[in-house]
>>> print(open('work-v5.cif').read())   # mmCIF, C-alpha atoms
data_query
#
loop_
_atom_site.group_PDB
_atom_site.id
_atom_site.type_symbol
_atom_site.label_atom_id
_atom_site.label_comp_id
_atom_site.auth_asym_id
_atom_site.auth_seq_id
_atom_site.Cartn_x
_atom_site.Cartn_y
_atom_site.Cartn_z
ATOM 1 C CA MET A 1 -12.654 13.222 -4.510
ATOM 2 C CA THR A 2 -11.135 9.770 -4.270
ATOM 3 C CA PHE A 3 -10.713 6.455 -6.066
ATOM 4 C CA SER A 4 -9.740 3.135 -4.506
ATOM 5 C CA VAL A 5 -9.567 -0.640 -4.933
ATOM 6 C CA LEU A 6 -10.103 -3.325 -2.264
ATOM 7 C CA ALA A 7 -9.231 -6.984 -2.767
ATOM 8 C CA ARG A 8 -8.451 -10.340 -1.195
ATOM 9 C CA ASP A 9 -5.656 -12.573 -2.491
ATOM 10 C CA PRO A 10 -7.202 -16.050 -2.855
ATOM 11 C CA GLU A 11 -3.778 -17.743 -2.581
ATOM 12 C CA THR A 12 -2.427 -16.063 0.548
ATOM 13 C CA GLY A 13 -5.647 -14.801 2.105
ATOM 14 C CA ASP A 14 -4.120 -11.325 2.428
ATOM 15 C CA LEU A 15 -6.464 -8.326 2.293
ATOM 16 C CA GLY A 16 -5.571 -4.941 0.864
ATOM 17 C CA ILE A 17 -6.551 -1.509 -0.354
ATOM 18 C CA ALA A 18 -4.908 1.065 -2.609
ATOM 19 C CA VAL A 19 -6.296 4.605 -2.781
ATOM 20 C CA SER A 20 -5.480 8.001 -4.256
ATOM 21 C CA SER A 21 -7.050 11.438 -3.941
ATOM 22 C CA CYS A 22 -6.609 15.167 -4.271
ATOM 23 C CA ILE A 23 -6.515 15.655 -0.523
ATOM 24 C CA LEU A 24 -3.615 15.722 1.889
ATOM 25 C CA ALA A 25 -2.677 12.334 3.426
ATOM 26 C CA VAL A 26 -5.517 10.185 2.084
ATOM 27 C CA GLY A 27 -3.968 7.187 3.857
ATOM 28 C CA ARG A 28 -5.009 8.745 7.156
ATOM 29 C CA VAL A 29 -8.645 9.159 6.114
ATOM 30 C CA VAL A 30 -9.960 6.519 3.691
ATOM 31 C CA PRO A 31 -8.461 3.056 4.384
ATOM 32 C CA SER A 32 -9.002 0.986 7.504
ATOM 33 C CA ALA A 33 -7.964 -2.633 8.012
ATOM 34 C CA ARG A 34 -7.770 -5.274 10.702
ATOM 35 C CA PRO A 35 -5.824 -8.529 10.175
ATOM 36 C CA GLY A 36 -8.114 -11.538 10.076
ATOM 37 C CA VAL A 37 -11.181 -9.297 9.922
ATOM 38 C CA GLY A 38 -11.308 -7.168 6.797
ATOM 39 C CA VAL A 39 -10.628 -3.937 4.954
ATOM 40 C CA VAL A 40 -12.894 -0.954 4.382
ATOM 41 C CA ALA A 41 -12.815 2.223 2.309
ATOM 42 C CA VAL A 42 -14.737 5.253 3.582
ATOM 43 C CA GLN A 43 -14.956 8.046 1.007
ATOM 44 C CA ALA A 44 -16.873 11.160 -0.122
ATOM 45 C CA ARG A 45 -18.602 12.936 2.793
ATOM 46 C CA SER A 46 -18.412 9.957 5.149
ATOM 47 C CA ARG A 47 -18.405 10.742 8.854
ATOM 48 C CA ARG A 48 -15.264 10.220 10.888
ATOM 49 C CA GLY A 49 -15.256 6.921 12.708
ATOM 50 C CA LEU A 50 -17.358 5.055 10.161
ATOM 51 C CA GLY A 51 -14.381 2.890 9.134
ATOM 52 C CA THR A 52 -13.816 1.810 12.727
ATOM 53 C CA SER A 53 -17.462 0.922 13.230
ATOM 54 C CA LEU A 54 -17.567 -1.082 9.988
ATOM 55 C CA LEU A 55 -14.521 -3.114 11.042
ATOM 56 C CA SER A 56 -16.093 -3.694 14.446
ATOM 57 C CA GLY A 57 -19.210 -4.958 12.708
ATOM 58 C CA LEU A 58 -17.146 -7.420 10.678
ATOM 59 C CA ALA A 59 -15.351 -8.597 13.820
ATOM 60 C CA GLU A 60 -18.724 -9.223 15.461
ATOM 61 C CA GLY A 61 -19.825 -11.423 12.567
ATOM 62 C CA SER A 62 -21.887 -9.102 10.377
ATOM 63 C CA ALA A 63 -21.644 -9.659 6.617
ATOM 64 C CA PRO A 64 -20.333 -6.870 4.352
ATOM 65 C CA GLY A 65 -23.703 -6.547 2.638
ATOM 66 C CA GLU A 66 -25.475 -6.132 5.956
ATOM 67 C CA LEU A 67 -23.087 -3.421 7.113
ATOM 68 C CA VAL A 68 -23.311 -1.528 3.833
ATOM 69 C CA SER A 69 -27.111 -1.711 3.834
ATOM 70 C CA ARG A 70 -27.216 -0.433 7.402
ATOM 71 C CA ALA A 71 -25.014 2.542 6.536
ATOM 72 C CA ALA A 72 -27.053 3.243 3.400
ATOM 73 C CA HIS A 73 -30.181 3.717 5.527
ATOM 74 C CA ALA A 74 -28.517 5.873 8.178
ATOM 75 C CA ALA A 75 -29.390 9.549 7.851
ATOM 76 C CA GLU A 76 -25.905 10.663 8.893
ATOM 77 C CA ASP A 77 -24.341 8.556 6.124
ATOM 78 C CA ALA A 78 -26.485 9.752 3.199
ATOM 79 C CA ASP A 79 -23.562 11.351 1.373
ATOM 80 C CA ARG A 80 -20.969 8.656 2.024
ATOM 81 C CA GLN A 81 -19.292 6.142 -0.271
ATOM 82 C CA ILE A 82 -18.126 2.901 1.325
ATOM 83 C CA ALA A 83 -16.747 -0.515 0.438
ATOM 84 C CA VAL A 84 -16.392 -3.425 2.860
ATOM 85 C CA LEU A 85 -14.312 -6.591 2.343
ATOM 86 C CA ASP A 86 -14.220 -9.443 4.850
ATOM 87 C CA ALA A 87 -11.549 -12.085 5.457
ATOM 88 C CA THR A 88 -13.337 -14.649 3.268
ATOM 89 C CA GLY A 89 -13.516 -12.351 0.244
ATOM 90 C CA GLY A 90 -17.104 -11.248 0.802
ATOM 91 C CA ILE A 91 -17.485 -7.769 -0.671
ATOM 92 C CA ALA A 92 -20.116 -5.039 -0.726
ATOM 93 C CA ALA A 93 -20.113 -1.363 -1.658
ATOM 94 C CA ASP A 94 -22.479 1.553 -1.913
ATOM 95 C CA THR A 95 -22.395 5.105 -3.232
ATOM 96 C CA GLY A 96 -24.705 7.560 -1.483
ATOM 97 C CA GLN A 97 -26.958 9.792 -3.553
ATOM 98 C CA GLY A 98 -25.189 12.877 -2.248
ATOM 99 C CA SER A 99 -21.702 11.762 -3.323
ATOM 100 C CA PHE A 100 -19.807 13.963 -5.744
ATOM 101 C CA PRO A 101 -20.287 13.206 -9.480
ATOM 102 C CA VAL A 102 -18.844 11.376 -11.436
ATOM 103 C CA SER A 103 -19.272 8.671 -8.771
ATOM 104 C CA GLY A 104 -19.882 4.945 -8.516
ATOM 105 C CA HIS A 105 -18.543 1.497 -7.675
ATOM 106 C CA LEU A 106 -18.051 -1.853 -9.394
ATOM 107 C CA LEU A 107 -17.793 -5.282 -7.768
ATOM 108 C CA GLY A 108 -15.781 -8.294 -8.902
ATOM 109 C CA GLU A 109 -14.836 -11.669 -7.474
ATOM 110 C CA GLY A 110 -13.224 -10.782 -4.153
ATOM 111 C CA PHE A 111 -12.595 -7.148 -5.084
ATOM 112 C CA SER A 112 -14.253 -3.793 -5.657
ATOM 113 C CA VAL A 113 -13.364 -0.417 -7.133
ATOM 114 C CA GLN A 114 -15.044 2.835 -6.174
ATOM 115 C CA GLY A 115 -14.611 6.538 -6.730
ATOM 116 C CA ASN A 116 -16.228 9.944 -6.660
ATOM 117 C CA MET A 117 -15.573 13.267 -8.384
ATOM 118 C CA LEU A 118 -13.754 11.256 -11.039
ATOM 119 C CA GLY A 119 -12.079 12.693 -14.106
ATOM 120 C CA SER A 120 -14.033 10.425 -16.445
ATOM 121 C CA ALA A 121 -16.579 7.599 -16.514
ATOM 122 C CA GLU A 122 -13.765 5.281 -17.657
ATOM 123 C CA VAL A 123 -11.875 5.357 -14.357
ATOM 124 C CA LEU A 124 -13.693 2.495 -12.624
ATOM 125 C CA PRO A 125 -13.928 0.130 -15.662
ATOM 126 C CA ALA A 126 -10.216 0.709 -16.305
ATOM 127 C CA MET A 127 -9.402 -0.183 -12.709
ATOM 128 C CA CYS A 128 -11.478 -3.373 -12.898
ATOM 129 C CA SER A 129 -9.821 -4.470 -16.133
ATOM 130 C CA ALA A 130 -6.339 -3.739 -14.840
ATOM 131 C CA PHE A 131 -6.849 -5.587 -11.568
ATOM 132 C CA THR A 132 -8.318 -8.629 -13.319
ATOM 133 C CA ALA A 133 -5.530 -8.758 -15.899
ATOM 134 C CA ALA A 134 -2.643 -8.083 -13.494
ATOM 135 C CA ARG A 135 -0.368 -10.858 -12.270
ATOM 136 C CA GLY A 136 1.880 -11.051 -9.252
ATOM 137 C CA SER A 137 1.338 -10.355 -5.574
ATOM 138 C CA LEU A 138 -1.646 -8.502 -4.145
ATOM 139 C CA PRO A 139 0.210 -5.173 -3.690
ATOM 140 C CA ASP A 140 1.266 -5.212 -7.332
ATOM 141 C CA ARG A 141 -2.254 -5.974 -8.544
ATOM 142 C CA LEU A 142 -3.700 -3.214 -6.378
ATOM 143 C CA LEU A 143 -1.151 -0.763 -7.749
ATOM 144 C CA ALA A 144 -1.927 -1.850 -11.313
ATOM 145 C CA ALA A 145 -5.585 -0.967 -10.731
ATOM 146 C CA LEU A 146 -4.736 2.352 -9.090
ATOM 147 C CA THR A 147 -2.399 3.270 -11.945
ATOM 148 C CA ALA A 148 -5.075 2.454 -14.515
ATOM 149 C CA GLY A 149 -7.534 4.648 -12.644
ATOM 150 C CA GLN A 150 -5.092 7.534 -12.616
ATOM 151 C CA ASP A 151 -4.351 7.110 -16.318
ATOM 152 C CA ALA A 152 -8.083 7.134 -17.106
ATOM 153 C CA GLY A 153 -8.638 10.456 -15.353
ATOM 154 C CA GLY A 154 -8.283 9.840 -11.634
ATOM 155 C CA ASP A 155 -9.516 12.584 -9.329
ATOM 156 C CA LEU A 156 -11.116 15.427 -11.306
ATOM 157 C CA ARG A 157 -9.391 18.070 -9.157
ATOM 158 C CA GLY A 158 -5.875 16.706 -9.523
ATOM 159 C CA ARG A 159 -3.367 14.646 -7.559
ATOM 160 C CA GLN A 160 -1.960 14.911 -4.061
ATOM 161 C CA SER A 161 -1.754 11.682 -2.051
ATOM 162 C CA ALA A 162 -1.966 7.890 -2.237
ATOM 163 C CA ALA A 163 -1.702 4.887 0.080
ATOM 164 C CA LEU A 164 -1.286 1.115 -0.031
ATOM 165 C CA LEU A 165 -2.289 -1.040 2.946
ATOM 166 C CA VAL A 166 -2.149 -4.862 3.019
ATOM 167 C CA VAL A 167 -2.864 -7.049 6.055
ATOM 168 C CA SER A 168 -2.981 -10.764 6.757
ATOM 169 C CA GLY A 169 -6.192 -12.708 6.397
ATOM 170 C CA SER A 170 -5.387 -14.257 9.786
ATOM 171 C CA PRO A 171 -5.652 -12.444 13.124
ATOM 172 C CA SER A 172 -2.575 -10.727 14.521
ATOM 173 C CA THR A 173 -0.511 -12.332 17.276
ATOM 174 C CA ASP A 174 2.160 -11.226 19.721
ATOM 175 C CA GLU A 175 4.779 -12.341 17.189
ATOM 176 C CA ASP A 176 3.096 -10.973 14.057
ATOM 177 C CA ASP A 177 1.028 -7.782 13.888
ATOM 178 C CA GLY A 178 -0.426 -8.940 10.592
ATOM 179 C CA VAL A 179 0.511 -5.807 8.633
ATOM 180 C CA ARG A 180 2.138 -6.895 5.390
ATOM 181 C CA MET A 181 2.554 -3.450 3.830
ATOM 182 C CA ASP A 182 1.691 0.098 4.866
ATOM 183 C CA LEU A 183 2.994 2.716 2.426
ATOM 184 C CA ARG A 184 1.812 6.311 2.120
ATOM 185 C CA VAL A 185 2.516 9.314 -0.089
ATOM 186 C CA ASP A 186 0.988 12.277 1.728
ATOM 187 C CA ASP A 187 1.813 15.167 -0.632
ATOM 188 C CA SER A 188 3.108 14.730 -4.178
ATOM 189 C CA GLY A 189 2.508 15.969 -7.701
ATOM 190 C CA ASP A 190 2.309 12.345 -8.860
ATOM 191 C CA PRO A 191 1.398 10.267 -5.795
ATOM 192 C CA VAL A 192 0.522 7.041 -7.622
ATOM 193 C CA ALA A 193 3.909 6.954 -9.360
ATOM 194 C CA GLN A 194 5.609 7.743 -6.047
ATOM 195 C CA LEU A 195 3.659 4.941 -4.369
ATOM 196 C CA ARG A 196 4.872 2.489 -7.031
ATOM 197 C CA MET A 197 8.435 3.627 -6.324
ATOM 198 C CA LEU A 198 7.958 3.011 -2.609
ATOM 199 C CA ARG A 199 6.582 -0.441 -3.390
ATOM 200 C CA ASN A 200 9.685 -1.235 -5.447
ATOM 201 C CA LEU A 201 11.923 0.042 -2.661
ATOM 202 C CA GLN A 202 10.062 -2.076 -0.108
ATOM 203 C CA ARG A 203 10.543 -5.093 -2.368
ATOM 204 C CA ALA A 204 14.269 -4.351 -2.521
ATOM 205 C CA TYR A 205 14.478 -4.295 1.284
ATOM 206 C CA ASP A 206 12.485 -7.519 1.577
ATOM 207 C CA ASP A 207 14.542 -9.304 -1.096
ATOM 208 C CA ARG A 208 17.874 -7.810 0.024
ATOM 209 C CA ASP A 209 18.383 -6.367 -3.436
ATOM 210 C CA TYR A 210 21.533 -4.476 -2.521
ATOM 211 C CA GLU A 211 22.173 -3.280 -6.056
ATOM 212 C CA MET A 212 18.910 -1.331 -6.057
ATOM 213 C CA LEU A 213 19.326 -0.136 -2.474
ATOM 214 C CA ALA A 214 22.775 1.193 -3.362
ATOM 215 C CA LEU A 215 20.993 3.543 -5.774
ATOM 216 C CA PHE A 216 17.780 4.458 -3.990
ATOM 217 C CA ALA A 217 18.270 3.999 -0.228
ATOM 218 C CA PRO A 218 18.876 7.116 1.900
ATOM 219 C CA GLU A 219 22.169 8.728 0.981
ATOM 220 C CA GLY A 220 23.906 7.935 4.256
ATOM 221 C CA ALA A 221 23.284 4.182 3.834
ATOM 222 C CA ARG A 222 24.045 3.817 0.136
ATOM 223 C CA ASP A 223 27.726 3.033 0.704
ATOM 224 C CA LEU A 224 26.721 0.176 2.999
ATOM 225 C CA TYR A 225 24.475 -1.336 0.348
ATOM 226 C CA ALA A 226 27.110 -0.746 -2.315
ATOM 227 C CA ALA A 227 29.594 -2.723 -0.186
ATOM 228 C CA LEU A 228 27.081 -5.539 0.307
ATOM 229 C CA ALA A 229 26.281 -5.595 -3.405
ATOM 230 C CA ALA A 230 29.958 -5.703 -4.288
ATOM 231 C CA SER A 231 30.511 -8.499 -1.763
ATOM 232 C CA ARG A 232 27.744 -10.515 -3.376
ATOM 233 C CA ARG A 233 29.392 -9.982 -6.793
ATOM 234 C CA GLY A 234 32.827 -10.852 -5.430
ATOM 235 C CA ASP A 235 34.174 -7.413 -6.408
ATOM 236 C CA ARG A 236 36.924 -6.669 -3.850
ATOM 237 C CA ALA A 237 37.829 -3.257 -5.244
ATOM 238 C CA ALA A 238 34.280 -1.946 -5.194
ATOM 239 C CA ALA A 239 33.640 -3.356 -1.723
ATOM 240 C CA ARG A 240 36.822 -1.772 -0.365
ATOM 241 C CA SER A 241 35.975 1.584 -1.952
ATOM 242 C CA ALA A 242 32.448 1.545 -0.492
ATOM 243 C CA LEU A 243 33.684 0.619 2.994
ATOM 244 C CA GLU A 244 36.308 3.355 2.909
ATOM 245 C CA ALA A 245 33.605 5.846 1.929
ATOM 246 C CA MET A 246 31.473 4.635 4.837
ATOM 247 C CA ARG A 247 34.275 5.157 7.343
ATOM 248 C CA THR A 248 34.617 8.805 6.337
ATOM 249 C CA ARG A 249 31.048 9.492 7.466
ATOM 250 C CA PRO A 250 30.653 10.572 11.103
ATOM 251 C CA GLY A 251 29.677 7.675 13.335
ATOM 252 C CA TRP A 252 29.875 4.923 10.721
ATOM 253 C CA SER A 253 33.220 3.484 11.848
ATOM 254 C CA ALA A 254 31.760 2.829 15.305
ATOM 255 C CA TRP A 255 28.660 1.332 13.717
ATOM 256 C CA LEU A 256 30.772 -1.031 11.590
ATOM 257 C CA ALA A 257 32.649 -2.170 14.683
ATOM 258 C CA SER A 258 29.387 -2.834 16.525
ATOM 259 C CA MET A 259 28.088 -4.886 13.572
ATOM 260 C CA ALA A 260 31.116 -7.189 13.416
ATOM 261 C CA GLY A 261 28.916 -10.200 14.249
ATOM 262 C CA ASP A 262 26.383 -9.496 11.499
ATOM 263 C CA THR A 263 26.725 -12.127 8.766
ATOM 264 C CA ARG A 264 26.243 -9.609 5.962
ATOM 265 C CA VAL A 265 28.954 -7.227 7.184
ATOM 266 C CA ALA A 266 31.209 -10.173 8.017
ATOM 267 C CA ALA A 267 30.927 -11.352 4.411
ATOM 268 C CA VAL A 268 32.313 -8.025 3.223
ATOM 269 C CA SER A 269 35.169 -8.189 5.736
ATOM 270 C CA ARG A 270 36.077 -11.729 4.670
ATOM 271 C CA LEU A 271 36.175 -10.623 1.058
ATOM 272 C CA LEU A 272 38.756 -7.969 1.934
ATOM 273 C CA ASP A 273 41.004 -10.247 4.038
#
>>> encode(input="work-v5.cif", output="structure tokens")
Amino acid sequence: MTFSVLARDPETGDLGIAVSSCILAVGRVVPSARPGVGVVAVQARSRRGLGTSLLSGLAEGSAPGELVSRAAHAAEDADRQIAVLDATGGIAADTGQGSFPVSGHLLGEGFSVQGNMLGSAEVLPAMCSAFTAARGSLPDRLLAALTAGQDAGGDLRGRQSAALLVVSGSPSTDEDDGVRMDLRVDDSGDPVAQLRMLRNLQRAYDDRDYEMLALFAPEGARDLYAALAASRRGDRAAARSALEAMRTRPGWSAWLASMAGDTRVAAVSRLLD
């Protein structure tokens, strides 16, 4: 019913998982992660709580292979499909005999792909090839693999949800919770494509790409980003027009006044002086 990819970024140490399925809100069910500990995927007919227990096992020092072997011999987990990745890149996976066909998993250096009730036998090899060939950050490589899996057949029953979760390879602290990305598409006709769009939007927020945010941010905030983009370009007329549009929206004039000390808003004001 589900296909996923787990991986560790050897440069940053970050750990992540991307998953898609024809069930509602797969991000609530399949992926589990703990910064500095690991990431797990729990699929097929896996019991609830198995992801938590696998992460606890990693935190206590058990190796991925040991945890997977233990689950494989547990009567209550006979129909499960699991993959376990630790903070060092150690990886193990297993597909129970009772999992839905077409099912299986493939392991690579610091990553794994797995799926069940797949649309074709090419899904998992396509995901492996795409992840290995992809360049860029870990989220982008995970999404490349997920996209390849969808293009090769994905979930036999269709499409509904997808999720992308990336955490730090170091433990969380009071200043940093260790979550690098947590994006979910709970109900969509094309969840993998929607997840890629959310990734691009997240990148725009992180990079302060105001030009993109002026197009794709929530409607009420687009004028703000248009003003910031115009300020960055040095376009007084466009900045003035965007600010005037903002002031016509209920509550935004008061917000602008309260943000007078913000360097980004101040830059727009200076441009109009």
>>> closest_residue(input="work-v5.cif", among="A:Arg264, A:Arg249, A:Arg157, A:Arg203", to="A:Val102", atoms="only C-alpha atoms")
A:Arg157
>>> resolve_selection(input="work-v5.cif", expression="the PyMOL selection byres ((chain A and resi 108) around 10)", output="list in words")
Ala7, Ile91, Ala92, Leu106, Leu107, Glu109, Gly110, Phe111, Ser112, Val113, Cys128, Phe131 and Thr132 of chain A
>>> closest_residue(input="work-v5.cif", among="A:Ala41, A:Leu256, A:Leu54, A:Cys22", to="A:Leu165", atoms="all atoms listed in the file")
A:Ala41
>>> residues_near_point(input="work-v5.cif", point="(-20.4, 7.4, -7.3)", cutoff="8 Å", atoms="all atoms listed in the file", output="list in words")
Gln81, Thr95, Gly96, Gln97, Ser99, Phe100, Pro101, Val102, Ser103, Gly104, His105, Gln114, Gly115, Asn116 and Met117 of chain A
>>> residues_near_point(input="work-v5.cif", point="(9.3, -6.9, 1.8)", cutoff="12 Å", atoms="only C-alpha atoms", output="ChimeraX atom specification")
/A:137,139,166,179-183,198-209
>>> atom_distance(input="work-v5.cif", atom1="atom CA of A:Ala229", atom2="atom CA of A:Ala144")
29.5 Å
>>> resolve_selection(input="work-v5.cif", expression="the PyMOL selection byres ((chain A and resi 171) around 12)", output="PDB file with C-alpha atoms, in the coordinates of the input")
ATOM      1  CA  GLY A  13      -5.647 -14.801   2.105  1.00  0.00           C
ATOM      2  CA  ASP A  14      -4.120 -11.325   2.428  1.00  0.00           C
ATOM      3  CA  LEU A  15      -6.464  -8.326   2.293  1.00  0.00           C
ATOM      4  CA  ALA A  33      -7.964  -2.633   8.012  1.00  0.00           C
ATOM      5  CA  ARG A  34      -7.770  -5.274  10.702  1.00  0.00           C
ATOM      6  CA  PRO A  35      -5.824  -8.529  10.175  1.00  0.00           C
ATOM      7  CA  GLY A  36      -8.114 -11.538  10.076  1.00  0.00           C
ATOM      8  CA  VAL A  37     -11.181  -9.297   9.922  1.00  0.00           C
ATOM      9  CA  GLY A  38     -11.308  -7.168   6.797  1.00  0.00           C
ATOM     10  CA  ALA A  59     -15.351  -8.597  13.820  1.00  0.00           C
ATOM     11  CA  ALA A  87     -11.549 -12.085   5.457  1.00  0.00           C
ATOM     12  CA  VAL A 167      -2.864  -7.049   6.055  1.00  0.00           C
ATOM     13  CA  SER A 168      -2.981 -10.764   6.757  1.00  0.00           C
ATOM     14  CA  GLY A 169      -6.192 -12.708   6.397  1.00  0.00           C
ATOM     15  CA  SER A 170      -5.387 -14.257   9.786  1.00  0.00           C
ATOM     16  CA  SER A 172      -2.575 -10.727  14.521  1.00  0.00           C
ATOM     17  CA  THR A 173      -0.511 -12.332  17.276  1.00  0.00           C
ATOM     18  CA  ASP A 174       2.160 -11.226  19.721  1.00  0.00           C
ATOM     19  CA  GLU A 175       4.779 -12.341  17.189  1.00  0.00           C
ATOM     20  CA  ASP A 176       3.096 -10.973  14.057  1.00  0.00           C
ATOM     21  CA  ASP A 177       1.028  -7.782  13.888  1.00  0.00           C
ATOM     22  CA  GLY A 178      -0.426  -8.940  10.592  1.00  0.00           C
ATOM     23  CA  VAL A 179       0.511  -5.807   8.633  1.00  0.00           C
TER      24      VAL A 179
END
>>> residues_around(input="work-v5.cif", residues="A:His73", least_positions_apart="5", cutoff="12 Å", atoms="only C-alpha atoms", output="list in words")
Glu66, Leu67, Val68, Ala78, Asp79, Arg80, Asp94, Thr95, Gly96 and Gln97 of chain A
>>> atom_distance(input="work-v5.cif", atom1="atom CA of A:Glu60", atom2="atom CA of A:Thr2")
28.4 Å
>>> resolve_selection(input="work-v5.cif", expression="the PyMOL selection byres ((chain A and resi 20) around 6)", output="PyMOL selection string")
chain A and resi 2-3+19+21+161-162
>>> residues_around(input="work-v5.cif", residues="A:Trp252", least_positions_apart="5", cutoff="10 Å", atoms="only C-alpha atoms", output="PyMOL selection string")
chain A and resi 220-221+224+243+245-247+257-258
>>> write_last_selection(input="work-v5.cif", atoms="C-alpha atoms", output="PDB file, keeping the file's coordinate frame")
ATOM      1  CA  GLY A 220      23.906   7.935   4.256  1.00  0.00           C
ATOM      2  CA  ALA A 221      23.284   4.182   3.834  1.00  0.00           C
ATOM      3  CA  LEU A 224      26.721   0.176   2.999  1.00  0.00           C
ATOM      4  CA  LEU A 243      33.684   0.619   2.994  1.00  0.00           C
ATOM      5  CA  ALA A 245      33.605   5.846   1.929  1.00  0.00           C
ATOM      6  CA  MET A 246      31.473   4.635   4.837  1.00  0.00           C
ATOM      7  CA  ARG A 247      34.275   5.157   7.343  1.00  0.00           C
ATOM      8  CA  ALA A 257      32.649  -2.170  14.683  1.00  0.00           C
ATOM      9  CA  SER A 258      29.387  -2.834  16.525  1.00  0.00           C
TER      10      SER A 258
END
